[in-house]
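Novice: Just my_file26.pdb, nothing more (PDB, N, CA and C atoms):
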```pdb
ATOM      1  N   MET A 864      -7.520  38.999 -43.468
ATOM      2  CA  MET A 864      -8.929  39.283 -43.603
ATOM      3  C   MET A 864      -9.624  38.969 -42.284
ATOM      4  N   LEU A 865     -10.425  39.886 -41.829
ATOM      5  CA  LEU A 865     -11.248  39.698 -40.640
ATOM      6  C   LEU A 865     -12.573  39.100 -41.083
ATOM      7  N   VAL A 866     -13.000  38.010 -40.444
ATOM      8  CA  VAL A 866     -14.265  37.362 -40.767
ATOM      9  C   VAL A 866     -15.172  37.456 -39.548
ATOM     10  N   LEU A 867     -16.369  38.020 -39.732
ATOM     11  CA  LEU A 867     -17.324  38.195 -38.645
ATOM     12  C   LEU A 867     -18.648  37.546 -39.005
ATOM     13  N   SER A 868     -19.359  37.078 -38.009
ATOM     14  CA  SER A 868     -20.727  36.606 -38.196
ATOM     15  C   SER A 868     -21.654  37.664 -37.618
ATOM     16  N   ARG A 869     -22.651  38.072 -38.387
ATOM     17  CA  ARG A 869     -23.615  39.070 -37.955
ATOM     18  C   ARG A 869     -25.001  38.581 -38.310
ATOM     19  N   LYS A 870     -25.977  38.958 -37.530
ATOM     20  CA  LYS A 870     -27.370  38.641 -37.804
ATOM     21  C   LYS A 870     -28.066  39.889 -38.324
ATOM     22  N   SER A 871     -29.248  39.687 -38.893
ATOM     23  CA  SER A 871     -30.020  40.812 -39.400
ATOM     24  C   SER A 871     -30.244  41.830 -38.284
ATOM     25  N   GLY A 872     -30.003  43.096 -38.597
ATOM     26  CA  GLY A 872     -30.145  44.172 -37.625
ATOM     27  C   GLY A 872     -28.867  44.517 -36.888
ATOM     28  N   GLN A 873     -27.884  43.643 -36.944
ATOM     29  CA  GLN A 873     -26.619  43.930 -36.275
ATOM     30  C   GLN A 873     -25.726  44.759 -37.181
ATOM     31  N   GLU A 874     -24.782  45.452 -36.578
ATOM     32  CA  GLU A 874     -23.918  46.336 -37.345
ATOM     33  C   GLU A 874     -22.464  46.133 -36.965
ATOM     34  N   LEU A 875     -21.614  46.696 -37.799
ATOM     35  CA  LEU A 875     -20.193  46.789 -37.467
ATOM     36  C   LEU A 875     -19.735  48.183 -37.845
ATOM     37  N   ARG A 876     -18.726  48.643 -37.171
ATOM     38  CA  ARG A 876     -18.211  49.993 -37.393
ATOM     39  C   ARG A 876     -16.785  49.905 -37.923
ATOM     40  N   ILE A 877     -16.501  50.767 -38.879
ATOM     41  CA  ILE A 877     -15.165  50.860 -39.459
ATOM     42  C   ILE A 877     -14.678  52.261 -39.165
ATOM     43  N   GLY A 878     -13.710  52.366 -38.287
ATOM     44  CA  GLY A 878     -13.242  53.679 -37.862
ATOM     45  C   GLY A 878     -14.340  54.385 -37.092
ATOM     46  N   ASP A 879     -14.284  55.710 -37.080
ATOM     47  CA  ASP A 879     -15.263  56.509 -36.354
ATOM     48  C   ASP A 879     -16.445  56.935 -37.212
ATOM     49  N   ASP A 880     -16.355  56.727 -38.548
ATOM     50  CA  ASP A 880     -17.353  57.345 -39.404
ATOM     51  C   ASP A 880     -18.061  56.424 -40.392
ATOM     52  N   VAL A 881     -17.839  55.117 -40.328
ATOM     53  CA  VAL A 881     -18.509  54.195 -41.240
ATOM     54  C   VAL A 881     -19.226  53.127 -40.422
ATOM     55  N   VAL A 882     -20.528  52.937 -40.717
ATOM     56  CA  VAL A 882     -21.329  51.915 -40.050
ATOM     57  C   VAL A 882     -21.941  51.026 -41.123
ATOM     58  N   VAL A 883     -21.736  49.714 -41.011
ATOM     59  CA  VAL A 883     -22.313  48.739 -41.932
ATOM     60  C   VAL A 883     -23.340  47.938 -41.144
ATOM     61  N   THR A 884     -24.588  47.920 -41.615
ATOM     62  CA  THR A 884     -25.665  47.221 -40.932
ATOM     63  C   THR A 884     -26.182  46.100 -41.823
ATOM     64  N   VAL A 885     -26.384  44.912 -41.257
ATOM     65  CA  VAL A 885     -26.994  43.801 -41.982
ATOM     66  C   VAL A 885     -28.494  44.057 -41.971
ATOM     67  N   LEU A 886     -29.077  44.295 -43.140
ATOM     68  CA  LEU A 886     -30.497  44.601 -43.243
ATOM     69  C   LEU A 886     -31.342  43.339 -43.392
ATOM     70  N   GLU A 887     -30.919  42.427 -44.259
ATOM     71  CA  GLU A 887     -31.656  41.193 -44.510
ATOM     72  C   GLU A 887     -30.692  40.091 -44.904
ATOM     73  N   VAL A 888     -31.085  38.859 -44.597
ATOM     74  CA  VAL A 888     -30.349  37.679 -45.040
ATOM     75  C   VAL A 888     -31.381  36.710 -45.610
ATOM     76  N   HIS A 889     -31.224  36.352 -46.885
ATOM     77  CA  HIS A 889     -32.100  35.379 -47.544
ATOM     78  C   HIS A 889     -31.215  34.389 -48.276
ATOM     79  N   GLY A 890     -31.062  33.186 -47.715
ATOM     80  CA  GLY A 890     -30.213  32.175 -48.347
ATOM     81  C   GLY A 890     -28.782  32.672 -48.427
ATOM     82  N   ASN A 891     -28.263  32.760 -49.648
ATOM     83  CA  ASN A 891     -26.884  33.224 -49.822
ATOM     84  C   ASN A 891     -26.810  34.690 -50.242
ATOM     85  N   VAL A 892     -27.908  35.441 -50.049
ATOM     86  CA  VAL A 892     -27.926  36.869 -50.378
ATOM     87  C   VAL A 892     -28.035  37.676 -49.087
ATOM     88  N   VAL A 893     -27.132  38.626 -48.944
ATOM     89  CA  VAL A 893     -27.109  39.496 -47.769
ATOM     90  C   VAL A 893     -27.315  40.928 -48.244
ATOM     91  N   LYS A 894     -28.236  41.653 -47.626
ATOM     92  CA  LYS A 894     -28.451  43.053 -47.958
ATOM     93  C   LYS A 894     -27.816  43.890 -46.845
ATOM     94  N   LEU A 895     -26.900  44.770 -47.243
ATOM     95  CA  LEU A 895     -26.163  45.604 -46.299
ATOM     96  C   LEU A 895     -26.564  47.065 -46.463
ATOM     97  N   GLY A 896     -26.606  47.792 -45.365
ATOM     98  CA  GLY A 896     -26.774  49.236 -45.389
ATOM     99  C   GLY A 896     -25.476  49.861 -44.928
ATOM    100  N   ILE A 897     -25.002  50.870 -45.632
ATOM    101  CA  ILE A 897     -23.721  51.499 -45.314
ATOM    102  C   ILE A 897     -23.953  52.982 -45.073
ATOM    103  N   GLN A 898     -23.558  53.449 -43.904
ATOM    104  CA  GLN A 898     -23.598  54.885 -43.599
ATOM    105  C   GLN A 898     -22.160  55.368 -43.543
ATOM    106  N   ALA A 899     -21.854  56.373 -44.342
ATOM    107  CA  ALA A 899     -20.496  56.901 -44.413
ATOM    108  C   ALA A 899     -20.565  58.364 -44.824
ATOM    109  N   PRO A 900     -19.523  59.125 -44.533
ATOM    110  CA  PRO A 900     -19.489  60.521 -44.978
ATOM    111  C   PRO A 900     -19.583  60.602 -46.502
ATOM    112  N   ARG A 901     -20.151  61.690 -46.986
ATOM    113  CA  ARG A 901     -20.314  61.865 -48.431
ATOM    114  C   ARG A 901     -18.995  61.762 -49.201
ATOM    115  N   GLU A 902     -17.900  62.196 -48.595
ATOM    116  CA  GLU A 902     -16.622  62.176 -49.315
ATOM    117  C   GLU A 902     -15.975  60.792 -49.360
ATOM    118  N   LYS A 903     -16.544  59.817 -48.669
ATOM    119  CA  LYS A 903     -16.019  58.453 -48.651
ATOM    120  C   LYS A 903     -16.575  57.693 -49.853
ATOM    121  N   ARG A 904     -15.716  57.184 -50.714
ATOM    122  CA  ARG A 904     -16.143  56.448 -51.906
ATOM    123  C   ARG A 904     -16.452  55.009 -51.517
ATOM    124  N   ILE A 905     -17.610  54.510 -51.946
ATOM    125  CA  ILE A 905     -18.025  53.146 -51.663
ATOM    126  C   ILE A 905     -18.380  52.491 -52.988
ATOM    127  N   LEU A 906     -17.653  51.444 -53.357
ATOM    128  CA  LEU A 906     -17.898  50.730 -54.606
ATOM    129  C   LEU A 906     -17.958  49.231 -54.337
ATOM    130  N   ARG A 907     -18.832  48.534 -55.068
ATOM    131  CA  ARG A 907     -18.814  47.073 -55.023
ATOM    132  C   ARG A 907     -17.533  46.608 -55.703
ATOM    133  N   GLY A 908     -17.024  45.461 -55.280
ATOM    134  CA  GLY A 908     -15.768  44.940 -55.814
ATOM    135  C   GLY A 908     -15.766  44.776 -57.316
ATOM    136  N   GLU A 909     -16.874  44.246 -57.887
ATOM    137  CA  GLU A 909     -16.913  44.029 -59.332
ATOM    138  C   GLU A 909     -16.953  45.346 -60.100
ATOM    139  N   ILE A 910     -17.518  46.400 -59.517
ATOM    140  CA  ILE A 910     -17.514  47.706 -60.168
ATOM    141  C   ILE A 910     -16.105  48.291 -60.166
ATOM    142  N   GLN A 911     -15.411  48.172 -59.053
ATOM    143  CA  GLN A 911     -14.034  48.655 -58.975
ATOM    144  C   GLN A 911     -13.161  47.929 -59.989
ATOM    145  N   ALA A 912     -13.309  46.601 -60.083
ATOM    146  CA  ALA A 912     -12.518  45.826 -61.051
ATOM    147  C   ALA A 912     -12.838  46.264 -62.478
ATOM    148  N   TRP A 913     -14.122  46.477 -62.783
ATOM    149  CA  TRP A 913     -14.532  46.916 -64.109
ATOM    150  C   TRP A 913     -13.934  48.283 -64.431
ATOM    151  N   ARG A 914     -13.964  49.194 -63.461
ATOM    152  CA  ARG A 914     -13.409  50.537 -63.665
ATOM    153  C   ARG A 914     -11.916  50.471 -63.955
ATOM    154  N   GLU A 915     -11.210  49.588 -63.253
ATOM    155  CA  GLU A 915      -9.765  49.469 -63.453
ATOM    156  C   GLU A 915      -9.438  48.943 -64.842
ATOM    157  N   VAL A 916     -10.285  48.076 -65.370
ATOM    158  CA  VAL A 916     -10.049  47.503 -66.694
ATOM    159  C   VAL A 916     -10.454  48.469 -67.800
ATOM    160  N   THR A 917     -11.608  49.139 -67.638
ATOM    161  CA  THR A 917     -12.138  49.964 -68.720
ATOM    162  C   THR A 917     -11.597  51.384 -68.743
ATOM    163  N   ALA A 918     -11.306  51.959 -67.592
ATOM    164  CA  ALA A 918     -10.840  53.351 -67.553
ATOM    165  C   ALA A 918      -9.905  53.551 -66.362
ATOM    166  N   PRO A 919      -8.712  52.956 -66.416
ATOM    167  CA  PRO A 919      -7.824  53.037 -65.256
ATOM    168  C   PRO A 919      -7.389  54.450 -64.887
ATOM    169  N   ALA A 920      -7.435  55.398 -65.824
ATOM    170  CA  ALA A 920      -6.967  56.745 -65.506
ATOM    171  C   ALA A 920      -8.093  57.675 -65.051
ATOM    172  N   ALA A 921      -9.343  57.226 -65.168
ATOM    173  CA  ALA A 921     -10.472  58.097 -64.824
ATOM    174  C   ALA A 921     -10.674  58.132 -63.313
ATOM    175  N   PRO A 922     -10.703  59.325 -62.723
ATOM    176  CA  PRO A 922     -10.951  59.417 -61.277
ATOM    177  C   PRO A 922     -12.405  59.109 -60.972
ATOM    178  N   ALA A 923     -12.647  58.449 -59.836
ATOM    179  CA  ALA A 923     -14.008  58.102 -59.439
ATOM    180  C   ALA A 923     -14.604  59.231 -58.615
ATOM    181  N   ALA A 924     -15.830  59.580 -58.927
ATOM    182  CA  ALA A 924     -16.536  60.599 -58.155
ATOM    183  C   ALA A 924     -17.049  59.966 -56.867
ATOM    184  N   PRO A 925     -17.001  60.670 -55.754
ATOM    185  CA  PRO A 925     -17.525  60.121 -54.510
ATOM    186  C   PRO A 925     -19.034  59.982 -54.577
ATOM    187  N   TYR A 926     -19.569  59.015 -53.842
ATOM    188  CA  TYR A 926     -21.010  58.818 -53.766
ATOM    189  C   TYR A 926     -21.625  60.003 -53.044
ATOM    190  N   ARG A 927     -22.715  60.551 -53.546
ATOM    191  CA  ARG A 927     -23.313  61.760 -52.984
ATOM    192  C   ARG A 927     -24.587  61.497 -52.180
ATOM    193  N   GLY A 928     -25.000  60.250 -51.997
ATOM    194  CA  GLY A 928     -26.244  59.964 -51.279
ATOM    195  C   GLY A 928     -26.014  59.930 -49.766
ATOM    196  N   GLU A 929     -27.101  59.865 -49.035
ATOM    197  CA  GLU A 929     -27.016  59.819 -47.578
ATOM    198  C   GLU A 929     -26.592  58.446 -47.094
ATOM    199  N   SER A 930     -27.189  57.405 -47.646
ATOM    200  CA  SER A 930     -26.826  56.034 -47.310
ATOM    201  C   SER A 930     -27.201  55.165 -48.491
ATOM    202  N   VAL A 931     -26.669  53.954 -48.518
ATOM    203  CA  VAL A 931     -26.918  53.073 -49.650
ATOM    204  C   VAL A 931     -27.057  51.650 -49.121
ATOM    205  N   ALA A 932     -27.979  50.892 -49.671
ATOM    206  CA  ALA A 932     -28.130  49.472 -49.346
ATOM    207  C   ALA A 932     -27.671  48.696 -50.569
ATOM    208  N   VAL A 933     -26.800  47.715 -50.358
ATOM    209  CA  VAL A 933     -26.233  46.945 -51.444
ATOM    210  C   VAL A 933     -26.477  45.474 -51.173
ATOM    211  N   ALA A 934     -27.073  44.765 -52.119
ATOM    212  CA  ALA A 934     -27.228  43.323 -51.989
ATOM    213  C   ALA A 934     -25.943  42.667 -52.445
ATOM    214  N   VAL A 935     -25.381  41.819 -51.608
ATOM    215  CA  VAL A 935     -24.114  41.170 -51.919
ATOM    216  C   VAL A 935     -24.342  39.695 -52.090
TER     217      VAL A 935
END
```
Please, can you express the file's structure as structure tokens?

Specialist:
Amino acid sequence: MLVLSRKSGQELRIGDDVVVTVLEVHGNVVKLGIQAPREKRILRGEIQAWREVTAPAAPAAPYRGESVAVAV
């Protein structure tokens, strides 16, 4: 596992087509913005785990939005 420290407004890049930006940090809550191609599936870990338990055979539809901010 790669561990990085980032401040609000800083970003990291994954490959050539995914950019993760730290939008806000409040205590132990971090708000991230993710820019990725429409065909790239982005799921929170607990959603992926829930999907595997409740419907392991169901294919996941890719996210269709332009960008998404997720509070972690």

Novice: Report the distance between CA of Val893 (chain A) and atom C of Thr917 (chain A) in Å, rounded to one decimal place.

Specialist: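 Taking CA of Val893 (chain A) and atom C of Thr917 (chain A), their separation equals 28.7 Å.
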
Novice: When you look at Lys870 (chain A) with a cut-off of 8 Å (counting all atoms listed in the file), what residues show up, excluding the ones that are within fewer than 5 positions of it in the same chain? I need them as a list in words.

Specialist: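 Selected residues are Thr884, Val885, Leu886, Glu887 and Val888 of chain A.
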
Novice: Evaluate the PyMOL selection byres ((chain A and resi 874) around 5) here and jot the selected residues down as a compact mmCIF listing (two decimals) with N, CA and C atoms, keeping the file's coordinate frame.

Specialist:
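Once everything was written out, this is out32.txt:
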```
# COMPACT_ATOMS: atom_id res chain seq x y z
N GLY A 872 -30.00 43.10 -38.60
CA GLY A 872 -30.14 44.17 -37.62
C GLY A 872 -28.87 44.52 -36.89
N GLN A 873 -27.88 43.64 -36.94
CA GLN A 873 -26.62 43.93 -36.28
C GLN A 873 -25.73 44.76 -37.18
N LEU A 875 -21.61 46.70 -37.80
CA LEU A 875 -20.19 46.79 -37.47
C LEU A 875 -19.74 48.18 -37.84
N ARG A 876 -18.73 48.64 -37.17
CA ARG A 876 -18.21 49.99 -37.39
C ARG A 876 -16.78 49.90 -37.92
N VAL A 883 -21.74 49.71 -41.01
CA VAL A 883 -22.31 48.74 -41.93
C VAL A 883 -23.34 47.94 -41.14
N THR A 884 -24.59 47.92 -41.62
CA THR A 884 -25.66 47.22 -40.93
C THR A 884 -26.18 46.10 -41.82
N VAL A 885 -26.38 44.91 -41.26
CA VAL A 885 -26.99 43.80 -41.98
C VAL A 885 -28.49 44.06 -41.97
```

Novice: May I ask which of the residues A:Leu865, A:Ile897, A:Ala912, A:Leu906 is the closest one to Val881 (chain A), counting only C-alpha atoms?

Specialist: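 Of all the options, A:Ile897 lies closest to Val881 (chain A).
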
Novice: Using only N, CA and C atoms, which residues sit within 6 Å of Asp880 (chain A) once same-chain residues fewer than 3 positions away are excluded, as a list in words?

Specialist: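 Surrounding residues, per the criterion: Ile877, Gln898, Ala899 and Pro900 of chain A.
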
Novice: Record the distance separating CA of Asn891 (chain A) and CA of Arg904 (chain A), expressed in Å with one decimal.

Specialist: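 Going from CA of Asn891 (chain A) over to CA of Arg904 (chain A) covers 25.7 Å.
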
Novice: Just how far from atom C of Glu915 (chain A) is atom N of Leu895 (chain A), in Å to one decimal?

Specialist: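 Atom C of Glu915 (chain A) lies at a distance of 25.1 Å from atom N of Leu895 (chain A).
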
Novice: Given the choices A:Gly908, A:Arg901, A:Gly896, A:Arg869, which gets closest to Val882 (chain A) if the distance is worked out from only N, CA and C atoms?

Specialist: A:Gly896

Novice: Can you check which residues of region 887-924 of chain A DSSP gives as alpha helix (DSSP H) on the backbone and send them as a list in words?

Specialist: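 Taking region 887-924 of chain A and keeping alpha helix (DSSP H) only, one gets Gly908, Glu909, Ile910, Gln911, Ala912, Trp913, Arg914, Glu915, Val916 and Thr917 of chain A.
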
Novice: Draw an axis-aligned box over all listed atoms of region 864-873 of chain A, pad each side with 4 Å, and write its centre and edge lengths in Å, one decimal, as JSON.

Specialist:
```
{"center_x": -18.9, "center_y": 40.7, "center_z": -39.9, "size_x": 30.7, "size_y": 16.2, "size_z": 15.3}
```

Novice: Quick one: pick out all strand (DSSP E or B) residues within region 867-931 of chain A from a backbone DSSP run and write them as a list of chain:residue names.

Specialist: A:Glu874, A:Leu875, A:Arg876, A:Ile877, A:Val881, A:Val882, A:Val883, A:Thr884, A:Val885, A:Leu886, A:Glu887, A:Val888, A:His889, A:Val892, A:Val893, A:Lys894, A:Leu895, A:Gly896, A:Ile897, A:Gln898, A:Ser930, A:Val931
